[in-house]
file structure_37.pdb (PDB, C-alpha atoms)
MODEL        1
ATOM      1  CA  MET A 857     -20.102   3.720 -17.144  1.00  0.00           C
ATOM      2  CA  THR A 858     -22.026   3.522 -13.902  1.00  0.00           C
ATOM      3  CA  ASN A 859     -20.321   2.901 -10.570  1.00  0.00           C
ATOM      4  CA  GLU A 860     -21.920  -0.555 -10.530  1.00  0.00           C
ATOM      5  CA  GLU A 861     -20.369  -1.362 -13.900  1.00  0.00           C
ATOM      6  CA  ILE A 862     -16.964  -0.184 -12.706  1.00  0.00           C
ATOM      7  CA  ARG A 863     -17.214  -2.334  -9.613  1.00  0.00           C
ATOM      8  CA  ALA A 864     -18.298  -5.362 -11.650  1.00  0.00           C
ATOM      9  CA  PHE A 865     -15.356  -4.774 -14.011  1.00  0.00           C
ATOM     10  CA  LEU A 866     -12.934  -4.622 -11.061  1.00  0.00           C
ATOM     11  CA  GLU A 867     -14.379  -7.739  -9.430  1.00  0.00           C
ATOM     12  CA  ASN A 868     -14.056  -9.562 -12.715  1.00  0.00           C
ATOM     13  CA  ALA A 869     -10.449  -8.394 -13.201  1.00  0.00           C
ATOM     14  CA  ILE A 870      -9.562  -9.671  -9.726  1.00  0.00           C
ATOM     15  CA  GLN A 871     -11.170 -13.050 -10.369  1.00  0.00           C
ATOM     16  CA  GLU A 872      -9.886 -13.502 -13.927  1.00  0.00           C
ATOM     17  CA  ASN A 873      -6.222 -12.619 -13.323  1.00  0.00           C
ATOM     18  CA  LYS A 874      -4.112 -14.747 -11.012  1.00  0.00           C
ATOM     19  CA  VAL A 875      -1.839 -11.784 -10.320  1.00  0.00           C
ATOM     20  CA  MET A 876      -3.641  -8.444 -10.555  1.00  0.00           C
ATOM     21  CA  LEU A 877      -2.020  -5.124  -9.708  1.00  0.00           C
ATOM     22  CA  PHE A 878      -3.963  -1.883  -9.422  1.00  0.00           C
ATOM     23  CA  MET A 879      -1.593   1.049  -9.675  1.00  0.00           C
ATOM     24  CA  LYS A 880      -1.131   4.689 -10.596  1.00  0.00           C
ATOM     25  CA  GLY A 881       0.227   4.684 -14.135  1.00  0.00           C
ATOM     26  CA  THR A 882       1.496   1.558 -15.871  1.00  0.00           C
ATOM     27  CA  PRO A 883       4.386  -0.842 -15.186  1.00  0.00           C
ATOM     28  CA  ASN A 884       6.344   0.917 -17.954  1.00  0.00           C
ATOM     29  CA  GLN A 885       5.372   4.382 -16.798  1.00  0.00           C
ATOM     30  CA  PRO A 886       4.415   4.297 -13.129  1.00  0.00           C
ATOM     31  CA  ALA A 887       2.998   7.622 -11.946  1.00  0.00           C
ATOM     32  CA  CYS A 888       3.869   7.217  -8.272  1.00  0.00           C
ATOM     33  CA  GLY A 889       6.891   5.867  -6.401  1.00  0.00           C
ATOM     34  CA  PHE A 890       4.797   3.415  -4.406  1.00  0.00           C
ATOM     35  CA  SER A 891       3.208   1.949  -7.534  1.00  0.00           C
ATOM     36  CA  ALA A 892       6.662   1.773  -9.135  1.00  0.00           C
ATOM     37  CA  ARG A 893       7.913  -0.196  -6.139  1.00  0.00           C
ATOM     38  CA  ALA A 894       5.096  -2.754  -6.283  1.00  0.00           C
ATOM     39  CA  SER A 895       5.368  -3.320 -10.040  1.00  0.00           C
ATOM     40  CA  GLY A 896       9.162  -3.371  -9.679  1.00  0.00           C
ATOM     41  CA  CYS A 897       8.923  -6.305  -7.249  1.00  0.00           C
ATOM     42  CA  LEU A 898       6.756  -8.260  -9.688  1.00  0.00           C
ATOM     43  CA  ASN A 899       9.078  -7.394 -12.584  1.00  0.00           C
ATOM     44  CA  ALA A 900      12.092  -8.534 -10.566  1.00  0.00           C
ATOM     45  CA  LEU A 901      10.431 -11.910 -10.005  1.00  0.00           C
ATOM     46  CA  GLY A 902       9.670 -12.201 -13.715  1.00  0.00           C
ATOM     47  CA  VAL A 903       6.033 -13.181 -13.167  1.00  0.00           C
ATOM     48  CA  GLN A 904       3.240 -12.404 -15.566  1.00  0.00           C
ATOM     49  CA  TYR A 905       0.667 -10.063 -14.138  1.00  0.00           C
ATOM     50  CA  ALA A 906      -2.184  -7.854 -15.161  1.00  0.00           C
ATOM     51  CA  ALA A 907      -2.014  -4.180 -14.249  1.00  0.00           C
ATOM     52  CA  LEU A 908      -4.719  -1.547 -14.283  1.00  0.00           C
ATOM     53  CA  ASP A 909      -4.071   2.186 -14.124  1.00  0.00           C
ATOM     54  CA  ILE A 910      -6.597   3.653 -11.686  1.00  0.00           C
ATOM     55  CA  LEU A 911      -5.908   7.289 -12.618  1.00  0.00           C
ATOM     56  CA  PRO A 912      -8.178   7.776 -15.679  1.00  0.00           C
ATOM     57  CA  ASP A 913     -11.382   7.890 -13.592  1.00  0.00           C
ATOM     58  CA  GLN A 914     -11.396   8.595  -9.852  1.00  0.00           C
ATOM     59  CA  ARG A 915     -14.378   6.291  -9.429  1.00  0.00           C
ATOM     60  CA  ILE A 916     -12.066   3.327 -10.189  1.00  0.00           C
ATOM     61  CA  ARG A 917     -10.176   4.034  -7.008  1.00  0.00           C
ATOM     62  CA  GLU A 918     -13.337   4.669  -4.992  1.00  0.00           C
ATOM     63  CA  GLU A 919     -14.936   1.412  -6.089  1.00  0.00           C
ATOM     64  CA  LEU A 920     -11.704  -0.550  -5.662  1.00  0.00           C
ATOM     65  CA  SER A 921     -11.196   0.688  -2.100  1.00  0.00           C
ATOM     66  CA  GLY A 922     -14.892   0.039  -1.438  1.00  0.00           C
ATOM     67  CA  LEU A 923     -14.603  -3.603  -2.374  1.00  0.00           C
ATOM     68  CA  SER A 924     -11.136  -4.258  -0.907  1.00  0.00           C
ATOM     69  CA  GLY A 925     -11.426  -2.165   2.253  1.00  0.00           C
ATOM     70  CA  TRP A 926      -7.907  -0.908   1.513  1.00  0.00           C
ATOM     71  CA  PRO A 927      -7.557   2.868   1.220  1.00  0.00           C
ATOM     72  CA  THR A 928      -4.361   3.327  -0.770  1.00  0.00           C
ATOM     73  CA  ILE A 929      -2.869   2.482  -4.160  1.00  0.00           C
ATOM     74  CA  PRO A 930      -1.177   0.203  -5.241  1.00  0.00           C
ATOM     75  CA  GLN A 931      -3.143  -2.923  -4.368  1.00  0.00           C
ATOM     76  CA  LEU A 932      -1.928  -6.390  -5.293  1.00  0.00           C
ATOM     77  CA  PHE A 933      -4.337  -9.319  -5.575  1.00  0.00           C
ATOM     78  CA  VAL A 934      -3.218 -12.919  -6.001  1.00  0.00           C
ATOM     79  CA  ASP A 935      -5.772 -15.666  -6.633  1.00  0.00           C
ATOM     80  CA  GLY A 936      -8.553 -13.204  -5.929  1.00  0.00           C
ATOM     81  CA  GLU A 937      -7.225 -12.219  -2.502  1.00  0.00           C
ATOM     82  CA  LEU A 938      -5.790  -8.859  -1.474  1.00  0.00           C
ATOM     83  CA  VAL A 939      -2.122  -9.364  -0.616  1.00  0.00           C
ATOM     84  CA  GLY A 940      -1.384  -5.763   0.282  1.00  0.00           C
ATOM     85  CA  GLY A 941      -0.069  -2.380  -0.729  1.00  0.00           C
ATOM     86  CA  SER A 942       3.496  -1.365  -1.539  1.00  0.00           C
ATOM     87  CA  ASP A 943       4.868  -1.821   2.006  1.00  0.00           C
ATOM     88  CA  ILE A 944       3.597  -5.386   2.334  1.00  0.00           C
ATOM     89  CA  VAL A 945       4.599  -6.284  -1.229  1.00  0.00           C
ATOM     90  CA  LEU A 946       8.155  -5.052  -0.626  1.00  0.00           C
ATOM     91  CA  GLU A 947       8.373  -6.784   2.768  1.00  0.00           C
ATOM     92  CA  MET A 948       7.203 -10.064   1.212  1.00  0.00           C
ATOM     93  CA  PHE A 949       9.565  -9.601  -1.736  1.00  0.00           C
ATOM     94  CA  GLU A 950      12.536  -9.126   0.567  1.00  0.00           C
ATOM     95  CA  SER A 951      11.635 -12.115   2.749  1.00  0.00           C
ATOM     96  CA  GLY A 952      11.031 -14.395  -0.236  1.00  0.00           C
ATOM     97  CA  GLU A 953       7.357 -14.875   0.680  1.00  0.00           C
ATOM     98  CA  LEU A 954       6.173 -13.180  -2.489  1.00  0.00           C
ATOM     99  CA  ALA A 955       8.154 -15.566  -4.697  1.00  0.00           C
ATOM    100  CA  GLN A 956       6.744 -18.454  -2.677  1.00  0.00           C
ATOM    101  CA  LEU A 957       3.188 -17.168  -3.000  1.00  0.00           C
ATOM    102  CA  LEU A 958       3.608 -16.763  -6.748  1.00  0.00           C
ATOM    103  CA  GLY A 959       5.346 -20.098  -7.171  1.00  0.00           C
ATOM    104  CA  VAL A 960       8.575 -18.772  -8.696  1.00  0.00           C
ATOM    105  CA  GLU A 961      12.237 -19.046  -7.850  1.00  0.00           C
ATOM    106  CA  GLN A 962      13.679 -15.789  -6.626  1.00  0.00           C
ATOM    107  CA  ALA A 963      16.879 -14.803  -8.388  1.00  0.00           C
ATOM    108  CA  GLU A 964      19.408 -12.748  -6.455  1.00  0.00           C
ATOM    109  CA  ALA A 965      18.024  -9.380  -7.421  1.00  0.00           C
ATOM    110  CA  PRO A 966      18.213  -6.145  -5.510  1.00  0.00           C
ATOM    111  CA  ALA A 967      14.929  -4.792  -4.210  1.00  0.00           C
ATOM    112  CA  PRO A 968      13.460  -1.903  -6.143  1.00  0.00           C
ATOM    113  CA  GLU A 969      14.541   1.454  -4.811  1.00  0.00           C
ATOM    114  CA  GLU A 970      12.627   3.205  -2.082  1.00  0.00           C
ATOM    115  CA  PRO A 971      10.243   5.775  -3.452  1.00  0.00           C
ATOM    116  CA  GLN A 972      11.661   9.240  -3.038  1.00  0.00           C
ATOM    117  CA  PRO A 973       8.821  11.657  -2.376  1.00  0.00           C
ATOM    118  CA  GLN A 974       9.572  15.106  -3.638  1.00  0.00           C
ATOM    119  CA  LYS A 975      10.818  17.430  -0.934  1.00  0.00           C
ATOM    120  CA  GLY A 976       8.661  20.406  -0.167  1.00  0.00           C
ATOM    121  CA  PRO A 977       4.960  20.988   0.266  1.00  0.00           C
ATOM    122  CA  ILE A 978       3.920  19.854  -3.200  1.00  0.00           C
ATOM    123  CA  GLY A 979       4.247  16.106  -3.628  1.00  0.00           C
ATOM    124  CA  LEU A 980       4.154  14.131  -6.820  1.00  0.00           C
ATOM    125  CA  GLU A 981       0.589  13.012  -6.220  1.00  0.00           C
ATOM    126  CA  ASN A 982      -0.616  16.588  -5.843  1.00  0.00           C
ATOM    127  CA  ARG A 983       0.534  17.447  -9.313  1.00  0.00           C
ATOM    128  CA  LEU A 984      -1.190  14.441 -10.763  1.00  0.00           C
ATOM    129  CA  GLY A 985      -4.435  15.321  -9.050  1.00  0.00           C
TER     130      GLY A 985
ATOM    131  CA  MET B1341      -2.632  19.755   8.096  1.00  0.00           C
ATOM    132  CA  PRO B1342      -1.645  16.860  10.371  1.00  0.00           C
ATOM    133  CA  THR B1343       1.826  16.598  11.852  1.00  0.00           C
ATOM    134  CA  ALA B1344       3.854  13.461  12.446  1.00  0.00           C
ATOM    135  CA  ASN B1345       3.218  13.897  16.147  1.00  0.00           C
ATOM    136  CA  ASP B1346      -0.579  14.112  15.604  1.00  0.00           C
ATOM    137  CA  LEU B1347      -0.452  10.779  13.794  1.00  0.00           C
ATOM    138  CA  LYS B1348       1.730   9.220  16.480  1.00  0.00           C
ATOM    139  CA  GLU B1349      -0.645  10.297  19.253  1.00  0.00           C
ATOM    140  CA  ARG B1350      -3.723   9.106  17.410  1.00  0.00           C
ATOM    141  CA  ILE B1351      -2.214   5.679  16.699  1.00  0.00           C
ATOM    142  CA  GLU B1352      -1.068   5.243  20.295  1.00  0.00           C
ATOM    143  CA  ARG B1353      -4.475   6.351  21.599  1.00  0.00           C
ATOM    144  CA  ALA B1354      -6.346   3.983  19.273  1.00  0.00           C
ATOM    145  CA  LEU B1355      -4.097   1.023  20.121  1.00  0.00           C
ATOM    146  CA  PRO B1356      -3.440   1.269  23.855  1.00  0.00           C
ATOM    147  CA  GLY B1357       0.012   0.054  24.804  1.00  0.00           C
ATOM    148  CA  SER B1358       1.386   0.492  21.303  1.00  0.00           C
ATOM    149  CA  ARG B1359       4.463   2.489  20.410  1.00  0.00           C
ATOM    150  CA  ALA B1360       4.478   4.437  17.164  1.00  0.00           C
ATOM    151  CA  ALA B1361       7.295   6.266  15.414  1.00  0.00           C
ATOM    152  CA  VAL B1362       5.981   8.542  12.694  1.00  0.00           C
ATOM    153  CA  GLU B1363       8.054  10.450  10.168  1.00  0.00           C
ATOM    154  CA  ASP B1364       6.847  13.173   7.823  1.00  0.00           C
ATOM    155  CA  LEU B1365       8.630  12.093   4.657  1.00  0.00           C
ATOM    156  CA  THR B1366       8.437  15.386   2.798  1.00  0.00           C
ATOM    157  CA  GLY B1367       7.855  17.946   5.519  1.00  0.00           C
ATOM    158  CA  GLY B1368       4.628  18.754   3.696  1.00  0.00           C
ATOM    159  CA  GLY B1369       2.213  17.079   6.111  1.00  0.00           C
ATOM    160  CA  ASP B1370       0.868  14.629   3.547  1.00  0.00           C
ATOM    161  CA  HIS B1371       3.374  11.779   3.121  1.00  0.00           C
ATOM    162  CA  PHE B1372       4.055   9.831   6.297  1.00  0.00           C
ATOM    163  CA  ARG B1373       5.775   6.674   7.399  1.00  0.00           C
ATOM    164  CA  ALA B1374       4.654   4.970  10.602  1.00  0.00           C
ATOM    165  CA  GLU B1375       6.426   2.157  12.413  1.00  0.00           C
ATOM    166  CA  VAL B1376       4.122   0.657  14.998  1.00  0.00           C
ATOM    167  CA  VAL B1377       4.864  -1.949  17.643  1.00  0.00           C
ATOM    168  CA  SER B1378       1.820  -3.442  19.355  1.00  0.00           C
ATOM    169  CA  ASP B1379       0.595  -6.619  21.049  1.00  0.00           C
ATOM    170  CA  ARG B1380      -2.670  -6.147  19.177  1.00  0.00           C
ATOM    171  CA  PHE B1381      -1.008  -7.415  15.995  1.00  0.00           C
ATOM    172  CA  ALA B1382      -0.442 -10.893  17.436  1.00  0.00           C
ATOM    173  CA  GLY B1383      -2.210 -13.533  15.371  1.00  0.00           C
ATOM    174  CA  LEU B1384      -3.220 -11.081  12.636  1.00  0.00           C
ATOM    175  CA  SER B1385      -2.134 -11.173   9.011  1.00  0.00           C
ATOM    176  CA  ARG B1386      -0.098  -8.246   7.676  1.00  0.00           C
ATOM    177  CA  ILE B1387      -3.195  -7.026   5.851  1.00  0.00           C
ATOM    178  CA  GLN B1388      -5.174  -7.012   9.086  1.00  0.00           C
ATOM    179  CA  GLN B1389      -2.334  -5.295  10.957  1.00  0.00           C
ATOM    180  CA  HIS B1390      -2.057  -2.528   8.390  1.00  0.00           C
ATOM    181  CA  LYS B1391      -5.834  -2.112   8.273  1.00  0.00           C
ATOM    182  CA  LEU B1392      -5.874  -1.477  12.026  1.00  0.00           C
ATOM    183  CA  ILE B1393      -3.605   1.511  11.385  1.00  0.00           C
ATOM    184  CA  TYR B1394      -5.490   2.742   8.321  1.00  0.00           C
ATOM    185  CA  ASP B1395      -8.741   2.507  10.294  1.00  0.00           C
ATOM    186  CA  VAL B1396      -7.399   5.052  12.792  1.00  0.00           C
ATOM    187  CA  PHE B1397      -7.464   7.667  10.026  1.00  0.00           C
ATOM    188  CA  GLY B1398     -10.455   6.562   7.940  1.00  0.00           C
ATOM    189  CA  ASP B1399     -11.091   8.718   4.891  1.00  0.00           C
ATOM    190  CA  GLU B1400      -8.128  10.972   5.715  1.00  0.00           C
ATOM    191  CA  VAL B1401      -5.867   8.373   4.061  1.00  0.00           C
ATOM    192  CA  GLY B1402      -6.077   9.179   0.375  1.00  0.00           C
ATOM    193  CA  GLY B1403      -7.414  12.611   1.325  1.00  0.00           C
ATOM    194  CA  PRO B1404      -5.294  15.021   3.381  1.00  0.00           C
ATOM    195  CA  ILE B1405      -2.909  12.156   4.129  1.00  0.00           C
ATOM    196  CA  HIS B1406      -1.807  11.302   0.595  1.00  0.00           C
ATOM    197  CA  ALA B1407       0.434   8.448   1.555  1.00  0.00           C
ATOM    198  CA  LEU B1408       0.876   6.486   4.748  1.00  0.00           C
ATOM    199  CA  SER B1409       3.634   3.907   4.631  1.00  0.00           C
ATOM    200  CA  ILE B1410       3.286   1.370   7.436  1.00  0.00           C
ATOM    201  CA  LYS B1411       5.563  -1.120   9.136  1.00  0.00           C
ATOM    202  CA  THR B1412       4.086  -3.189  11.913  1.00  0.00           C
ATOM    203  CA  SER B1413       5.668  -5.501  14.427  1.00  0.00           C
ATOM    204  CA  ILE B1414       4.862  -7.321  17.638  1.00  0.00           C
ATOM    205  CA  PRO B1415       6.985  -6.567  20.731  1.00  0.00           C
ATOM    206  CA  GLY B1416       9.890  -8.969  20.978  1.00  0.00           C
ATOM    207  CA  ASP B1417       9.478 -10.627  17.589  1.00  0.00           C
ATOM    208  CA  GLY B1418      12.831  -9.209  16.540  1.00  0.00           C
ATOM    209  CA  ARG B1419      11.661  -7.655  13.299  1.00  0.00           C
TER     210      ARG B1419
ENDMDL
END
call {"tool": "encode", "arguments": {"input": "structure_37.pdb", "output": "structure tokens"}}
result
Amino acid sequence: MTNEEIRAFLENAIQENKVMLFMKGTPNQPACGFSARASGCLNALGVQYAALDILPDQRIREELSGLSGWPTIPQLFVDGELVGGSDIVLEMFESGELAQLLGVEQAEAPAPEEPQPQKGPIGLENRLG
Amino acid sequence: MPTANDLKERIERALPGSRAAVEDLTGGGDHFRAEVVSDRFAGLSRIQQHKLIYDVFGDEVGGPIHALSIKTSIPGDGR
């Protein structure tokens, strides 16, 4: 796959899916605490969403950040627009704005736990490369 | 390897009048959390506010700075 094809695939995924989450790992097996937090917010709201693991090819992340202008993962898009990364998603979840944006009722559910980066010089993301 | 204080100084230099509190989450110099209070955020969306902070560090975010968690607020908005 060329970089152009990857970018076209990403643009299409963002346009085709009302709620599109780019993350490290999958909703069932997130590979990073921040990605786990973002998918956890969506799970807690019970909305349907598409998720793409960016880890298999580093060009996915490069092209995604190139088109969104956002340097980190996760990235949540709703209706083709970048909503934010894990901090913004959690903030909007806690304030009820995310439920409003997605058009769902928010049940009384606790927010997903804060990611706990591993103590010491080697973080989780280092090991995953 | 950047320190929390390096990040704090660079944010405050890039956004004059802002106040930044930066924490090194692991002690490893690669996972940081920054809380920034600045007038510059007035009228901007959260995305735009966070991008102002990311822009201070450019390619370093995702490189030497693996993770930069951000919380922004405007002075006196009570958040």
call {"tool": "interface_residues", "arguments": {"input": "structure_37.pdb", "of": "chain B", "to": "chain A", "cutoff": "9 Å", "atoms": "all atoms listed in the file", "output": "PyMOL selection string"}}
result
chain B and resi 1365-1371+1386-1387+1390-1391+1394+1398-1399+1401-1402+1406-1411
call {"tool": "atom_distance", "arguments": {"input": "structure_37.pdb", "atom1": "atom CA of Asn859 of chain A", "atom2": "atom CA of Gly889 of chain A"}}
result
27.7 Å
call {"tool": "resolve_selection", "arguments": {"input": "structure_37.pdb", "expression": "the PyMOL selection byres ((chain A and resi 898) around 10)", "output": "ChimeraX atom specification"}}
result
/A:875,877,883,893-897,899-905,932,945-946,949,954-955,958,968
call {"tool": "residues_around", "arguments": {"input": "structure_37.pdb", "residues": "Gly1383 of chain B", "least_positions_apart": "5", "cutoff": "12 Å", "atoms": "all atoms listed in the file", "output": "VMD selection string"}}
result
chain B and resid 1378 1388 to 1389 1413 to 1414
call {"tool": "closest_residue", "arguments": {"input": "structure_37.pdb", "among": "A:Lys874, A:Ala864, A:Met879, A:Gly922", "to": "Leu957 of chain A", "atoms": "all atoms listed in the file"}}
result
A:Lys874
call {"tool": "resolve_selection", "arguments": {"input": "structure_37.pdb", "expression": "the PyMOL selection byres ((chain B and resi 1353-1359) around 12)", "output": "PyMOL selection string"}}
result
chain B and resi 1346-1352+1360-1362+1374-1381+1389+1392-1397+1411-1415
call {"tool": "resolve_selection", "arguments": {"input": "structure_37.pdb", "expression": "the PyMOL selection byres ((chain A and resi 936) around 10)", "output": "ChimeraX atom specification"}}
result
/A:867-876,932-935,937-939
call {"tool": "write_last_selection", "arguments": {"input": "structure_37.pdb", "atoms": "C-alpha atoms", "output": "PDB file, keeping the file's coordinate frame"}}
result
ATOM      1  CA  GLU A 867     -14.379  -7.739  -9.430  1.00  0.00           C
ATOM      2  CA  ASN A 868     -14.056  -9.562 -12.715  1.00  0.00           C
ATOM      3  CA  ALA A 869     -10.449  -8.394 -13.201  1.00  0.00           C
ATOM      4  CA  ILE A 870      -9.562  -9.671  -9.726  1.00  0.00           C
ATOM      5  CA  GLN A 871     -11.170 -13.050 -10.369  1.00  0.00           C
ATOM      6  CA  GLU A 872      -9.886 -13.502 -13.927  1.00  0.00           C
ATOM      7  CA  ASN A 873      -6.222 -12.619 -13.323  1.00  0.00           C
ATOM      8  CA  LYS A 874      -4.112 -14.747 -11.012  1.00  0.00           C
ATOM      9  CA  VAL A 875      -1.839 -11.784 -10.320  1.00  0.00           C
ATOM     10  CA  MET A 876      -3.641  -8.444 -10.555  1.00  0.00           C
ATOM     11  CA  LEU A 932      -1.928  -6.390  -5.293  1.00  0.00           C
ATOM     12  CA  PHE A 933      -4.337  -9.319  -5.575  1.00  0.00           C
ATOM     13  CA  VAL A 934      -3.218 -12.919  -6.001  1.00  0.00           C
ATOM     14  CA  ASP A 935      -5.772 -15.666  -6.633  1.00  0.00           C
ATOM     15  CA  GLU A 937      -7.225 -12.219  -2.502  1.00  0.00           C
ATOM     16  CA  LEU A 938      -5.790  -8.859  -1.474  1.00  0.00           C
ATOM     17  CA  VAL A 939      -2.122  -9.364  -0.616  1.00  0.00           C
TER      18      VAL A 939
END
call {"tool": "axis_aligned_box", "arguments": {"input": "structure_37.pdb", "around": "segment 1345-1357 of chain B", "padding_each_side": "8 Å", "output": "JSON"}}
result
{"center_x": -1.6, "center_y": 7.1, "center_z": 19.3, "size_x": 25.6, "size_y": 30.1, "size_z": 27.0}
call {"tool": "atom_distance", "arguments": {"input": "structure_37.pdb", "atom1": "atom CA of Phe878 of chain A", "atom2": "atom CA of Leu911 of chain A"}}
result
9.9 Å
call {"tool": "atom_distance", "arguments": {"input": "structure_37.pdb", "atom1": "atom CA of Ser924 of chain A", "atom2": "atom CA of Thr1343 of chain B"}}
result
27.7 Å
call {"tool": "residues_near_point", "arguments": {"input": "structure_37.pdb", "point": "(2.7, 5.1, -19.7)", "cutoff": "12 Å", "atoms": "all atoms listed in the file", "output": "list in words"}}
result
Met879, Lys880, Gly881, Thr882, Pro883, Asn884, Gln885, Pro886, Ala887, Cys888, Ala892, Ala907, Leu908, Asp909, Leu911 and Pro912 of chain A
call {"tool": "write_last_selection", "arguments": {"input": "structure_37.pdb", "atoms": "C-alpha atoms", "output": "PDB file, keeping the file's coordinate frame"}}
result
ATOM      1  CA  MET A 879      -1.593   1.049  -9.675  1.00  0.00           C
ATOM      2  CA  LYS A 880      -1.131   4.689 -10.596  1.00  0.00           C
ATOM      3  CA  GLY A 881       0.227   4.684 -14.135  1.00  0.00           C
ATOM      4  CA  THR A 882       1.496   1.558 -15.871  1.00  0.00           C
ATOM      5  CA  PRO A 883       4.386  -0.842 -15.186  1.00  0.00           C
ATOM      6  CA  ASN A 884       6.344   0.917 -17.954  1.00  0.00           C
ATOM      7  CA  GLN A 885       5.372   4.382 -16.798  1.00  0.00           C
ATOM      8  CA  PRO A 886       4.415   4.297 -13.129  1.00  0.00           C
ATOM      9  CA  ALA A 887       2.998   7.622 -11.946  1.00  0.00           C
ATOM     10  CA  CYS A 888       3.869   7.217  -8.272  1.00  0.00           C
ATOM     11  CA  ALA A 892       6.662   1.773  -9.135  1.00  0.00           C
ATOM     12  CA  ALA A 907      -2.014  -4.180 -14.249  1.00  0.00           C
ATOM     13  CA  LEU A 908      -4.719  -1.547 -14.283  1.00  0.00           C
ATOM     14  CA  ASP A 909      -4.071   2.186 -14.124  1.00  0.00           C
ATOM     15  CA  LEU A 911      -5.908   7.289 -12.618  1.00  0.00           C
ATOM     16  CA  PRO A 912      -8.178   7.776 -15.679  1.00  0.00           C
TER      17      PRO A 912
END
call {"tool": "decode", "arguments": {"input": "structure_37.pdb", "residues": "segment 918-934 of chain A", "atoms": "N, CA and C atoms", "output": "PDB file, in the first residue's frame"}}
result
ATOM      1  N   GLU A 918       1.219   8.188  10.831  1.00  0.00           N
ATOM      2  CA  GLU A 918       1.795   9.367  10.168  1.00  0.00           C
ATOM      3  C   GLU A 918       0.768  10.043   9.269  1.00  0.00           C
ATOM      4  N   GLU A 919       0.061   9.234   8.488  1.00  0.00           N
ATOM      5  CA  GLU A 919      -0.924   9.806   7.564  1.00  0.00           C
ATOM      6  C   GLU A 919      -2.112  10.380   8.325  1.00  0.00           C
ATOM      7  N   LEU A 920      -2.523   9.684   9.396  1.00  0.00           N
ATOM      8  CA  LEU A 920      -3.656  10.171  10.188  1.00  0.00           C
ATOM      9  C   LEU A 920      -3.325  11.533  10.801  1.00  0.00           C
ATOM     10  N   SER A 921      -2.149  11.640  11.428  1.00  0.00           N
ATOM     11  CA  SER A 921      -1.774  12.906  12.046  1.00  0.00           C
ATOM     12  C   SER A 921      -1.586  13.986  10.982  1.00  0.00           C
ATOM     13  N   GLY A 922      -1.130  13.567   9.787  1.00  0.00           N
ATOM     14  CA  GLY A 922      -0.980  14.524   8.688  1.00  0.00           C
ATOM     15  C   GLY A 922      -2.319  15.122   8.281  1.00  0.00           C
ATOM     16  N   LEU A 923      -3.348  14.290   8.246  1.00  0.00           N
ATOM     17  CA  LEU A 923      -4.627  14.837   7.776  1.00  0.00           C
ATOM     18  C   LEU A 923      -5.425  15.491   8.893  1.00  0.00           C
ATOM     19  N   SER A 924      -5.205  15.071  10.155  1.00  0.00           N
ATOM     20  CA  SER A 924      -5.978  15.662  11.254  1.00  0.00           C
ATOM     21  C   SER A 924      -5.261  16.835  11.911  1.00  0.00           C
ATOM     22  N   GLY A 925      -3.927  16.880  11.771  1.00  0.00           N
ATOM     23  CA  GLY A 925      -3.162  17.911  12.465  1.00  0.00           C
ATOM     24  C   GLY A 925      -3.051  17.644  13.957  1.00  0.00           C
ATOM     25  N   TRP A 926      -3.370  16.414  14.362  1.00  0.00           N
ATOM     26  CA  TRP A 926      -3.366  16.054  15.785  1.00  0.00           C
ATOM     27  C   TRP A 926      -2.263  15.022  16.000  1.00  0.00           C
ATOM     28  N   PRO A 927      -1.328  15.262  16.913  1.00  0.00           N
ATOM     29  CA  PRO A 927      -0.125  14.432  16.942  1.00  0.00           C
ATOM     30  C   PRO A 927      -0.235  13.103  17.674  1.00  0.00           C
ATOM     31  N   THR A 928      -1.268  12.946  18.514  1.00  0.00           N
ATOM     32  CA  THR A 928      -1.272  11.770  19.388  1.00  0.00           C
ATOM     33  C   THR A 928      -2.448  10.845  19.075  1.00  0.00           C
ATOM     34  N   ILE A 929      -2.372   9.656  19.630  1.00  0.00           N
ATOM     35  CA  ILE A 929      -3.407   8.631  19.519  1.00  0.00           C
ATOM     36  C   ILE A 929      -3.931   8.373  20.927  1.00  0.00           C
ATOM     37  N   PRO A 930      -5.221   8.223  21.149  1.00  0.00           N
ATOM     38  CA  PRO A 930      -6.313   8.050  20.188  1.00  0.00           C
ATOM     39  C   PRO A 930      -6.785   9.363  19.555  1.00  0.00           C
ATOM     40  N   GLN A 931      -7.589   9.204  18.503  1.00  0.00           N
ATOM     41  CA  GLN A 931      -8.282  10.328  17.880  1.00  0.00           C
ATOM     42  C   GLN A 931      -9.713   9.894  17.594  1.00  0.00           C
ATOM     43  N   LEU A 932     -10.658  10.697  18.091  1.00  0.00           N
ATOM     44  CA  LEU A 932     -12.070  10.395  17.866  1.00  0.00           C
ATOM     45  C   LEU A 932     -12.660  11.383  16.862  1.00  0.00           C
ATOM     46  N   PHE A 933     -13.305  10.831  15.836  1.00  0.00           N
ATOM     47  CA  PHE A 933     -14.015  11.644  14.847  1.00  0.00           C
ATOM     48  C   PHE A 933     -15.504  11.344  14.946  1.00  0.00           C
ATOM     49  N   VAL A 934     -16.310  12.396  14.919  1.00  0.00           N
ATOM     50  CA  VAL A 934     -17.763  12.233  14.865  1.00  0.00           C
ATOM     51  C   VAL A 934     -18.276  13.071  13.702  1.00  0.00           C
TER      52      VAL A 934
END
